[in-house]
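Enquirer: Structure provided below as structure tokens; questions to follow.
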Amino acid sequence: MATHDIELTVNETEVELTVDSRTLLVHALRDELGYTGPKVGCESSKCGACTVELDGDAVKSCTVLAVQTDGASVQTVEGFADEDGELHPIQEQFSAEHGLQCGYCTPGMVTTTKHLLESNPDPSREEIRKALKGNICRCTGYQNVVDAVESAAAALAPAESEGESASGDDVDLRTDYPTPGED
Ligand code: FES
Ligand code: FES
């Protein structure tokens with residue numbers, strides 16, 4: 001079996017590894033690099049548990065060969081929290097809305113949701129269901145997942161008008177900035 005040396009960026013860390021021609025990205029991430037957020041469910045592009053961001057797209061990492069990702073940038077769910085460990089708002093809302101039970105599907109759900117909200121920040125429930133149709137959950141019945149995505153969209157929404165915070169509370173706007181050229 002031929003092997004290949006590849007370099008990629010995972011969660012903003014550059015890594016080098018040697019992979020077999022047949023190694024799937026999900027196995028390289030989990031078994032070689034220790035990123036176990038992406039889960040192995042069906043290994044045939046049906047369940048979405050292995051979804052990661054690959055160069056900005058939500059991709060099922062069981063459908064990609066690791067060697068194909070040479071030079072690419074990958075983000076797994078481990079990279080969604082900020083550097084202080086503060087969860088991403090989507091993760092917080094999946095927790096708050098009980099959008100998970102066993103949690104096996106959740107990394108893929110969260111990743112697909114992130115991609116959805118980046119392109120459509122205010123999706124309808126129908127659009128949420130359509131976006132998540134490639135992510136199978138056998139526990140939640142999806143209702144709470146859709147609730148979680150709606151809540152995440154609200155949490156991520158910018159203030160509707162200047163001077164209004166995302167929470168709806170007014171914020172003070174400073175208006176006494178000095179004018180250039182005037183004392
Ligand atoms: S493990 Fe990749 S889609 Fe199921
Ligand atoms: S929470 Fe168990 S499969 Fe979705």
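Every chain in the structure tokens takes a letter, A first, then B, and so on in the order presented; its residues are numbered from 1, and the ligands are numbered from 1 following the presented order.
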Neighbouring residues of ligand 1 are defined here as those with any atom at most 7 Å from a ligand atom, counting only C-alpha atoms and all ligand atoms; list them as a PyMOL selection string.
Expert: chain A and resi 39-51+60-63
Enquirer: Considering only C-alpha atoms, return as a PyMOL selection string whatever protein or nucleic-acid residues lie within 6 Å of segment 77-86 of chain A, sequence-local ones (same chain, fewer than 5 positions apart) excluded.
Expert: chain A and resi 11+37+107
Enquirer: Go ahead and save the residues from that selection, with N, CA and C atoms, as a short mmCIF file (atom, residue, chain, number, x, y, z; two decimals), in the first residue's frame.
Expert:
data_model
loop_
_atom_site.label_atom_id
_atom_site.label_comp_id
_atom_site.auth_asym_id
_atom_site.auth_seq_id
_atom_site.Cartn_x
_atom_site.Cartn_y
_atom_site.Cartn_z
N ASN A 11 -7.94 22.78 13.05
CA ASN A 11 -8.26 23.71 14.15
C ASN A 11 -7.11 24.70 14.37
N GLY A 37 -13.89 14.24 17.94
CA GLY A 37 -15.19 14.88 17.78
C GLY A 37 -15.96 14.28 16.60
N PRO A 107 -21.74 16.38 17.17
CA PRO A 107 -20.68 17.13 16.47
C PRO A 107 -21.02 17.42 15.01
#
Enquirer: With only C-alpha atoms and all ligand atoms counted, collect every polymer residue having an atom within 9 Å of ligand 2; state the result as a PyMOL selection string.
Expert: chain A and resi 49+99-106+109+135-142+145
Enquirer: Under the rule that only C-alpha atoms are counted, which of A:Thr36, A:Gln68, A:Thr112, A:Thr9 is the nearest residue to Ser21 of chain A?
Expert: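 Residue with the minimum atom-to-atom distance to Ser21 of chain A: A:Gln68.
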Enquirer: Considering only C-alpha atoms, can you say which of A:Asp70, A:Asp55, A:Glu118, A:Glu126 comes closest to Glu16 of chain A?
Expert: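 Of the candidates, the smallest distance to Glu16 of chain A is held by A:Asp70.
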Enquirer: From the options A:Leu132, A:Val26, A:Val74, A:Val67, which residue's atoms come nearest to Asp5 of chain A, counting only C-alpha atoms?
Expert: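 For Asp5 of chain A, the nearest of the candidates is A:Val67.
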Enquirer: Give me, as a ChimeraX atom specification, the residues of chain A that a backbone DSSP run labels strand (DSSP E).
Expert: /A:3-10,13-20,51-54,57-60,73-75
Enquirer: Please, what distance in Å, to one decimal, runs between atom CA of Arg22 of chain A and atom CA of Ala66 of chain A?
Expert: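 Calculated distance between atom CA of Arg22 of chain A and atom CA of Ala66 of chain A is 7.9 Å.
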Enquirer: Could you find all residues in segment 23-89 of chain A that DSSP calls alpha helix (DSSP H) from the backbone, and write them as a ChimeraX atom specification?
Expert: /A:25-27,89
Enquirer: Could you tell me which of A:Asn120, A:Ala72, A:Glu127, A:Glu32 comes closest to Glu7 of chain A if we count only C-alpha atoms?
Expert: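 Among the listed residues, A:Ala72 lies closest to Glu7 of chain A.
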Enquirer: Within 10 Å of Asn144 of chain A, counting only C-alpha atoms, which residues show up once you throw out same-chain ones fewer than 3 positions away? Write them as a list in words, please.
Expert: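 Here the answer would be Gln93, Phe94, Ser95, Ala96, Glu97, His98, Gly99, Leu100, Thr140, Gly141, Asp147, Ala148, Val149 and Glu150 of chain A.
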